[in-house]
$ cat target-v3.csv   # CSV, C-alpha atoms
chain,number,residue,atom,x,y,z
A,147,MET,CA,-99.3,-83.5,169.1
A,148,PRO,CA,-99.7,-87.0,167.9
A,149,GLU,CA,-100.7,-89.2,170.7
A,150,ARG,CA,-99.0,-92.5,171.1
A,151,ILE,CA,-101.1,-95.2,169.4
A,152,THR,CA,-101.0,-98.5,171.2
A,153,SER,CA,-99.2,-100.8,168.9
A,154,SER,CA,-100.5,-104.3,168.6
A,155,THR,CA,-98.3,-107.2,169.5
A,156,HIS,CA,-98.2,-107.8,165.8
A,157,ASP,CA,-96.5,-104.5,165.3
A,158,GLU,CA,-94.2,-105.1,168.2
A,159,ALA,CA,-93.0,-108.4,166.7
A,160,PHE,CA,-92.5,-106.7,163.4
A,161,ARG,CA,-90.6,-103.9,164.9
A,162,GLU,CA,-88.3,-106.4,166.7
A,163,GLU,CA,-87.6,-108.2,163.4
A,164,LEU,CA,-87.0,-105.0,161.6
A,165,LEU,CA,-84.5,-103.7,164.2
A,166,ALA,CA,-82.7,-107.0,164.0
A,167,VAL,CA,-82.0,-106.6,160.3
A,168,LEU,CA,-80.9,-103.0,160.4
A,169,PRO,CA,-77.2,-103.8,160.7
A,170,HIS,CA,-77.4,-106.1,157.7
A,171,LEU,CA,-79.3,-103.5,155.7
A,172,ARG,CA,-76.5,-101.0,156.6
A,173,ALA,CA,-73.8,-103.4,155.3
A,174,PHE,CA,-75.7,-104.1,152.1
A,175,ALA,CA,-76.4,-100.4,151.5
A,176,ARG,CA,-72.8,-99.5,152.1
A,177,GLY,CA,-71.6,-102.1,149.7
A,178,LEU,CA,-74.1,-101.1,147.1
A,179,SER,CA,-73.5,-97.4,147.3
A,180,GLY,CA,-69.9,-97.2,148.6
A,181,ARG,CA,-70.9,-94.2,150.8
A,182,ALA,CA,-71.5,-94.5,154.5
A,183,ASP,CA,-73.8,-91.4,154.8
A,184,PHE,CA,-75.8,-92.1,151.7
A,185,ALA,CA,-76.1,-95.8,152.8
A,186,ASP,CA,-77.5,-94.9,156.2
A,187,ASP,CA,-80.0,-92.6,154.7
A,188,LEU,CA,-81.1,-95.4,152.4
A,189,VAL,CA,-81.5,-97.8,155.3
A,190,GLN,CA,-83.6,-95.3,157.3
A,191,GLU,CA,-85.8,-94.6,154.4
A,192,ALA,CA,-86.1,-98.3,153.6
A,193,ALA,CA,-86.9,-99.1,157.2
A,194,ILE,CA,-89.7,-96.5,157.2
A,195,LYS,CA,-91.1,-97.9,154.0
A,196,ALA,CA,-91.0,-101.4,155.5
A,197,TRP,CA,-92.8,-100.2,158.5
A,198,VAL,CA,-95.5,-98.5,156.5
A,199,ALA,CA,-95.9,-101.7,154.4
A,200,ARG,CA,-95.8,-104.0,157.4
A,201,ASP,CA,-99.2,-105.4,156.7
A,202,ARG,CA,-97.8,-107.0,153.6
A,203,TYR,CA,-95.2,-108.9,155.5
A,204,THR,CA,-96.0,-112.4,156.6
A,205,PRO,CA,-94.6,-112.8,160.1
A,206,GLY,CA,-91.9,-115.5,160.4
A,207,THR,CA,-90.9,-115.3,156.8
A,208,ASN,CA,-87.7,-113.9,155.6
A,209,MET,CA,-87.5,-110.3,157.0
A,210,ARG,CA,-84.0,-109.9,155.7
A,211,ALA,CA,-84.9,-110.8,152.1
A,212,TRP,CA,-88.0,-108.7,152.3
A,213,THR,CA,-86.3,-105.6,153.6
A,214,PHE,CA,-83.3,-106.0,151.3
A,215,ALA,CA,-85.7,-105.9,148.3
A,216,ILE,CA,-87.2,-102.7,149.6
A,217,LEU,CA,-83.8,-101.2,150.1
A,218,ARG,CA,-82.5,-102.1,146.7
A,219,ASN,CA,-85.6,-100.8,145.0
A,220,HIS,CA,-85.4,-97.6,146.9
A,221,TYR,CA,-81.7,-97.3,146.1
A,222,LEU,CA,-82.4,-97.7,142.4
A,223,SER,CA,-85.0,-95.1,142.4
A,224,GLU,CA,-82.7,-92.7,144.3
A,225,LEU,CA,-80.1,-93.3,141.7
A,226,ARG,CA,-82.5,-92.3,139.0
A,227,HIS,CA,-83.3,-89.1,140.8
A,228,ASN,CA,-79.9,-88.0,141.9
A,229,LYS,CA,-76.6,-89.2,140.5
A,230,ARG,CA,-74.9,-89.7,143.8
A,231,GLN,CA,-73.5,-93.1,142.7
A,232,THR,CA,-70.7,-91.5,140.8
A,233,ASP,CA,-68.8,-90.1,143.7
A,234,MET,CA,-66.9,-92.5,145.8
A,235,ASP,CA,-66.6,-91.2,149.4
A,236,ASP,CA,-63.1,-91.3,150.6
A,237,ASN,CA,-64.2,-91.0,154.1
A,238,ALA,CA,-66.2,-94.2,153.8
A,239,VAL,CA,-63.1,-96.1,152.7
A,240,GLU,CA,-61.0,-94.5,155.5
A,241,ARG,CA,-63.6,-95.5,158.1
A,242,LEU,CA,-63.5,-99.1,156.9
A,243,LEU,CA,-59.7,-99.1,157.1
A,244,ILE,CA,-59.7,-97.8,160.6
A,245,MET,CA,-62.3,-100.3,161.7
A,246,ASP,CA,-60.3,-103.1,160.3
A,247,ALA,CA,-57.1,-101.9,162.0
A,248,ASP,CA,-58.6,-103.0,165.3
A,249,GLN,CA,-58.9,-106.5,164.1
A,250,GLU,CA,-56.2,-109.0,163.5
A,251,ALA,CA,-56.1,-109.5,159.7
A,252,PRO,CA,-54.2,-106.8,157.8
A,253,LEU,CA,-56.6,-107.2,154.9
A,254,HIS,CA,-56.7,-104.2,152.6
A,255,LEU,CA,-60.4,-103.6,152.7
A,256,SER,CA,-59.9,-100.4,150.6
A,257,ASP,CA,-58.8,-102.6,147.7
A,258,MET,CA,-61.9,-104.7,148.1
A,259,GLU,CA,-64.1,-101.6,148.4
A,260,THR,CA,-62.6,-100.0,145.3
A,261,ALA,CA,-62.8,-103.2,143.3
A,262,LEU,CA,-66.4,-103.7,144.4
A,263,GLN,CA,-67.3,-100.2,143.2
A,264,LYS,CA,-65.8,-101.0,139.8
A,265,LEU,CA,-68.3,-103.7,139.1
A,266,SER,CA,-71.6,-102.9,137.4
A,267,ALA,CA,-74.4,-102.2,139.8
A,268,GLU,CA,-76.0,-105.6,138.9
A,269,ARG,CA,-72.9,-107.6,139.5
A,270,ARG,CA,-72.1,-105.7,142.7
A,271,GLU,CA,-75.5,-106.3,144.0
A,272,ALA,CA,-75.3,-110.0,143.1
A,273,VAL,CA,-72.0,-110.7,144.7
A,274,LEU,CA,-73.1,-108.7,147.8
A,275,LEU,CA,-76.2,-110.7,148.2
A,276,VAL,CA,-74.7,-114.1,147.6
A,277,GLY,CA,-71.1,-113.7,148.5
A,278,ALA,CA,-71.4,-111.4,151.5
A,279,SER,CA,-74.9,-111.5,152.9
A,280,GLY,CA,-75.2,-115.3,152.4
A,281,PHE,CA,-78.4,-115.4,150.5
A,282,SER,CA,-79.1,-118.4,148.3
A,283,TYR,CA,-79.3,-117.8,144.6
A,284,GLU,CA,-83.0,-118.2,144.7
A,285,GLU,CA,-83.4,-115.6,147.5
A,286,ALA,CA,-81.0,-113.3,145.8
A,287,ALA,CA,-82.9,-113.6,142.5
A,288,ASP,CA,-86.1,-112.9,144.3
A,289,ILE,CA,-84.7,-109.7,145.9
A,290,ALA,CA,-83.3,-108.5,142.6
A,291,GLY,CA,-86.3,-109.5,140.7
A,292,CYS,CA,-84.5,-111.5,138.1
A,293,PRO,CA,-84.5,-115.2,137.1
A,294,ILE,CA,-82.3,-117.5,139.1
A,295,GLY,CA,-80.0,-118.3,136.1
A,296,THR,CA,-79.4,-114.6,135.6
A,297,MET,CA,-78.4,-114.3,139.2
A,298,LYS,CA,-76.1,-117.2,139.0
A,299,SER,CA,-74.3,-115.8,136.0
A,300,ARG,CA,-74.1,-112.3,137.5
A,301,VAL,CA,-72.5,-113.8,140.7
A,302,ALA,CA,-70.1,-115.9,138.6
A,303,ARG,CA,-69.1,-112.9,136.5
A,304,ALA,CA,-68.7,-110.6,139.5
A,305,ARG,CA,-66.5,-113.2,141.2
A,306,ALA,CA,-64.3,-113.6,138.1
A,307,GLU,CA,-64.1,-109.8,137.8
A,308,LEU,CA,-63.2,-109.3,141.4
A,309,ALA,CA,-60.6,-112.0,141.2
A,310,GLY,CA,-59.1,-110.3,138.2
A,311,LEU,CA,-59.2,-106.8,139.7
A,312,LEU,CA,-57.7,-107.9,143.0
A,313,ASP,CA,-55.1,-110.1,141.3
A,314,ASP,CA,-53.6,-106.9,139.7
A,315,GLU,CA,-53.4,-105.4,143.1
A,316,PRO,CA,-51.4,-107.9,145.2
A,317,GLY,CA,-52.2,-106.1,148.5
A,318,VAL,CA,-55.1,-108.3,149.3
A,319,THR,CA,-53.8,-111.7,148.5
A,320,ASP,CA,-50.4,-110.9,150.0
A,321,ALA,CA,-51.9,-109.7,153.2
A,322,ARG,CA,-53.8,-113.0,153.3
A,323,LYS,CA,-50.7,-115.1,152.9
A,324,LYS,CA,-48.9,-113.2,155.6
A,325,GLN,CA,-51.7,-113.8,158.1
A,326,PRO,CA,-50.6,-115.9,161.1
A,327,GLN,CA,-52.2,-119.3,161.2
B,132,MET,CA,-73.3,-120.3,133.6
B,133,ASN,CA,-69.5,-120.4,133.3
B,134,GLN,CA,-69.5,-121.8,136.8
B,135,PRO,CA,-69.9,-125.6,136.5
B,136,LYS,CA,-72.1,-127.2,139.1
B,137,GLY,CA,-69.5,-129.9,139.6
B,138,ASN,CA,-71.1,-132.9,138.0
B,139,GLY,CA,-68.2,-135.2,139.0
B,140,ASP,CA,-65.8,-134.0,136.4
B,141,PRO,CA,-63.2,-132.0,138.1
B,142,GLU,CA,-60.8,-132.2,135.2
B,143,LYS,CA,-62.6,-129.7,133.1
B,144,VAL,CA,-63.1,-126.9,135.5
B,145,PRO,CA,-62.3,-123.7,133.6
B,146,ALA,CA,-61.5,-121.6,136.6
B,147,PRO,CA,-60.8,-118.0,135.7
B,148,GLY,CA,-57.8,-118.0,138.0
B,149,PRO,CA,-55.6,-120.5,139.8
B,150,THR,CA,-56.9,-119.5,143.2
B,151,VAL,CA,-60.6,-119.5,142.3
B,152,GLY,CA,-62.4,-122.5,143.5
B,153,ARG,CA,-65.5,-123.6,145.3
B,154,GLU,CA,-64.1,-125.1,148.5
B,155,GLY,CA,-60.7,-123.5,148.5
B,156,GLU,CA,-62.2,-120.1,148.2
B,157,PRO,CA,-59.9,-117.2,147.2
B,158,GLY,CA,-58.7,-114.7,149.8
B,159,TRP,CA,-60.7,-111.8,148.4
B,160,ALA,CA,-63.9,-113.7,148.9
B,161,GLY,CA,-63.2,-113.8,152.7
B,162,GLY,CA,-62.3,-110.1,152.3
B,163,LEU,CA,-65.7,-109.3,150.9
B,164,ARG,CA,-67.5,-110.9,153.8
B,165,LYS,CA,-65.1,-109.2,156.2
B,166,LEU,CA,-65.9,-105.9,154.6
B,167,TYR,CA,-69.6,-106.6,155.0
B,168,ASN,CA,-69.4,-107.9,158.5
B,169,SER,CA,-67.3,-104.9,159.6
B,170,VAL,CA,-70.4,-102.9,158.9
B,171,VAL,CA,-72.8,-105.4,160.4
B,172,ASP,CA,-70.8,-105.3,163.6
B,173,GLU,CA,-70.8,-101.5,163.9
B,174,PRO,CA,-73.1,-100.1,166.5
B,175,LEU,CA,-76.0,-98.2,165.0
B,176,PRO,CA,-75.1,-94.6,164.6
B,177,ASP,CA,-77.0,-91.9,166.6
B,178,SER,CA,-78.9,-90.9,163.5
B,179,PHE,CA,-80.9,-94.1,164.0
B,180,LYS,CA,-82.2,-93.1,167.4
B,181,ASP,CA,-84.9,-91.0,165.8
B,182,LEU,CA,-85.9,-93.8,163.5
B,183,LEU,CA,-86.3,-96.1,166.4
B,184,LYS,CA,-88.4,-93.7,168.2
B,185,LYS,CA,-90.5,-93.2,165.1
B,186,LEU,CA,-91.1,-96.9,164.8
B,187,ASP,CA,-91.9,-97.1,168.4
B,188,GLY,CA,-94.3,-94.3,168.9
B,189,SER,CA,-96.2,-93.6,165.6
B,190,ASP,CA,-98.4,-95.3,163.2
B,191,ASP,CA,-98.2,-93.7,159.8
B,192,ALA,CA,-101.3,-95.3,158.5
$ encode --input "target-v3.csv" --output "structure tokens"
Amino acid sequence: MPERITSSTHDEAFREELLAVLPHLRAFARGLSGRADFADDLVQEAAIKAWVARDRYTPGTNMRAWTFAILRNHYLSELRHNKRQTDMDDNAVERLLIMDADQEAPLHLSDMETALQKLSAERREAVLLVGASGFSYEEAADIAGCPIGTMKSRVARARAELAGLLDDEPGVTDARKKQPQ
Amino acid sequence: MNQPKGNGDPEKVPAPGPTVGREGEPGWAGGLRKLYNSVVDEPLPDSFKDLLKKLDGSDDA
């Protein structure tokens, strides 16, 4: 039976920071993969990887960016191993819809989710990082391991593509317009 | 690239759609964040309890 090893204050601080970013990792993973169960597996595996590699993390730097990079690299290697990205989990969409029903805006998140999954993986990642997670282009480029110009153009293209996709399906924009002020 | 940085020339902004703009951001952009935030705001599922314990009690090194 493994005995409890006294964790240093360093580890403790790391753990706190890691726990704080878990919800963001879940949202990023969900957006990337479009599947709730797969996304949560990814997050847990990425969190373990981050923990194991904690000596490489400089305290007080950007834990979110650091762990996002770990997660996306893990996601990509998972995709290479099993082809789970092709199925789109209906339950995931359903869950998102139910969650949204509790909130005020009748926004059709399923339209957004569907549109998001139609983008190429690179563009989806780009628009999630910059448009949803709020990373700067520079941070996002760092996470994705590409030049900043590439990231900018991916985001611009993803945005244009999403706009086009969602324009064809008036559900989202109409819902927006009907929203009470 | 096709997204101009706004060098003080608003006349020649080739926006891909009428509602796409920097400050007046389109509705779907808010929808994307909403989708994201709906997950951020979820409580961690029970499956994470084990992970948390692992992080607490073990040192994999």
$ closest_residue --input "target-v3.csv" --among "A:Ala211, A:Leu262, A:Ala290, A:Ala173" --to "Ala160 of chain B" --atoms "all atoms listed in the file"
A:Leu262
$ closest_residue --input "target-v3.csv" --among "A:Gly206, A:Gly291, A:Gly310, A:Gly180" --to "chain B" --atoms "only C-alpha atoms"
A:Gly310
$ closest_residue --input "target-v3.csv" --among "A:Arg181, A:Arg202, A:Arg172, A:Arg270" --to "chain B" --atoms "only C-alpha atoms"
A:Arg172
$ residues_near_point --input "target-v3.csv" --point "(-63.1, -103.7, 151.5)" --cutoff "7 Å" --atoms "only C-alpha atoms" --output "list in words"
His254, Leu255, Ser256, Asp257, Met258 and Glu259 of chain A; Gly162, Leu163 and Leu166 of chain B
$ write_last_selection --input "target-v3.csv" --atoms "C-alpha atoms" --output "CSV table (one decimal), in the coordinates of the input"
chain,number,residue,atom,x,y,z
A,254,HIS,CA,-56.7,-104.2,152.6
A,255,LEU,CA,-60.4,-103.6,152.7
A,256,SER,CA,-59.9,-100.4,150.6
A,257,ASP,CA,-58.8,-102.6,147.7
A,258,MET,CA,-61.9,-104.7,148.1
A,259,GLU,CA,-64.1,-101.6,148.4
B,162,GLY,CA,-62.3,-110.1,152.3
B,163,LEU,CA,-65.7,-109.3,150.9
B,166,LEU,CA,-65.9,-105.9,154.6
$ atom_distance --input "target-v3.csv" --atom1 "atom CA of Phe214 of chain A" --atom2 "atom CA of Ala261 of chain A"
22.2 Å
$ residues_near_point --input "target-v3.csv" --point "(-84.5, -106.0, 156.9)" --cutoff "9 Å" --atoms "all atoms listed in the file" --output "NGL selection string"
:A and (163-171 or 189 or 192-193 or 196 or 208-217)
$ atom_distance --input "target-v3.csv" --atom1 "atom CA of Lys298 of chain A" --atom2 "atom CA of Leu311 of chain A"
19.9 Å
$ atom_distance --input "target-v3.csv" --atom1 "atom CA of Asp187 of chain A" --atom2 "atom CA of Leu222 of chain A"
13.5 Å
$ closest_residue --input "target-v3.csv" --among "A:Ala286, A:Ile294, A:Leu188, A:Val198" --to "chain B" --atoms "all atoms listed in the file"
A:Val198
$ closest_residue --input "target-v3.csv" --among "A:Arg218, A:Lys264, A:Arg300, A:Arg269" --to "chain B" --atoms "only C-alpha atoms"
A:Arg300
$ closest_residue --input "target-v3.csv" --among "A:Glu162, A:Asn219, A:Lys195, A:Ala278" --to "Ser169 of chain B" --atoms "all atoms listed in the file"
A:Ala278
$ decode --input "target-v3.csv" --residues "segment 255-269 of chain A" --atoms "C-alpha atoms" --output "mmCIF file, in the first residue's frame"
data_model
loop_
_atom_site.group_PDB
_atom_site.id
_atom_site.type_symbol
_atom_site.label_atom_id
_atom_site.label_comp_id
_atom_site.auth_asym_id
_atom_site.auth_seq_id
_atom_site.Cartn_x
_atom_site.Cartn_y
_atom_site.Cartn_z
ATOM 1 C CA LEU A 255 -26.345 25.897 -28.684
ATOM 2 C CA SER A 256 -26.837 22.743 -30.687
ATOM 3 C CA ASP A 257 -26.469 24.824 -33.855
ATOM 4 C CA MET A 258 -23.247 26.258 -32.541
ATOM 5 C CA GLU A 259 -21.970 22.864 -31.454
ATOM 6 C CA THR A 260 -22.805 21.358 -34.812
ATOM 7 C CA ALA A 261 -21.212 24.219 -36.702
ATOM 8 C CA LEU A 262 -18.114 24.032 -34.532
ATOM 9 C CA GLN A 263 -17.690 20.355 -35.286
ATOM 10 C CA LYS A 264 -17.884 21.089 -39.014
ATOM 11 C CA LEU A 265 -14.725 23.165 -38.877
ATOM 12 C CA SER A 266 -11.354 21.613 -39.472
ATOM 13 C CA ALA A 267 -9.605 20.607 -36.253
ATOM 14 C CA GLU A 268 -7.114 23.453 -36.623
ATOM 15 C CA ARG A 269 -9.743 26.116 -37.062
#
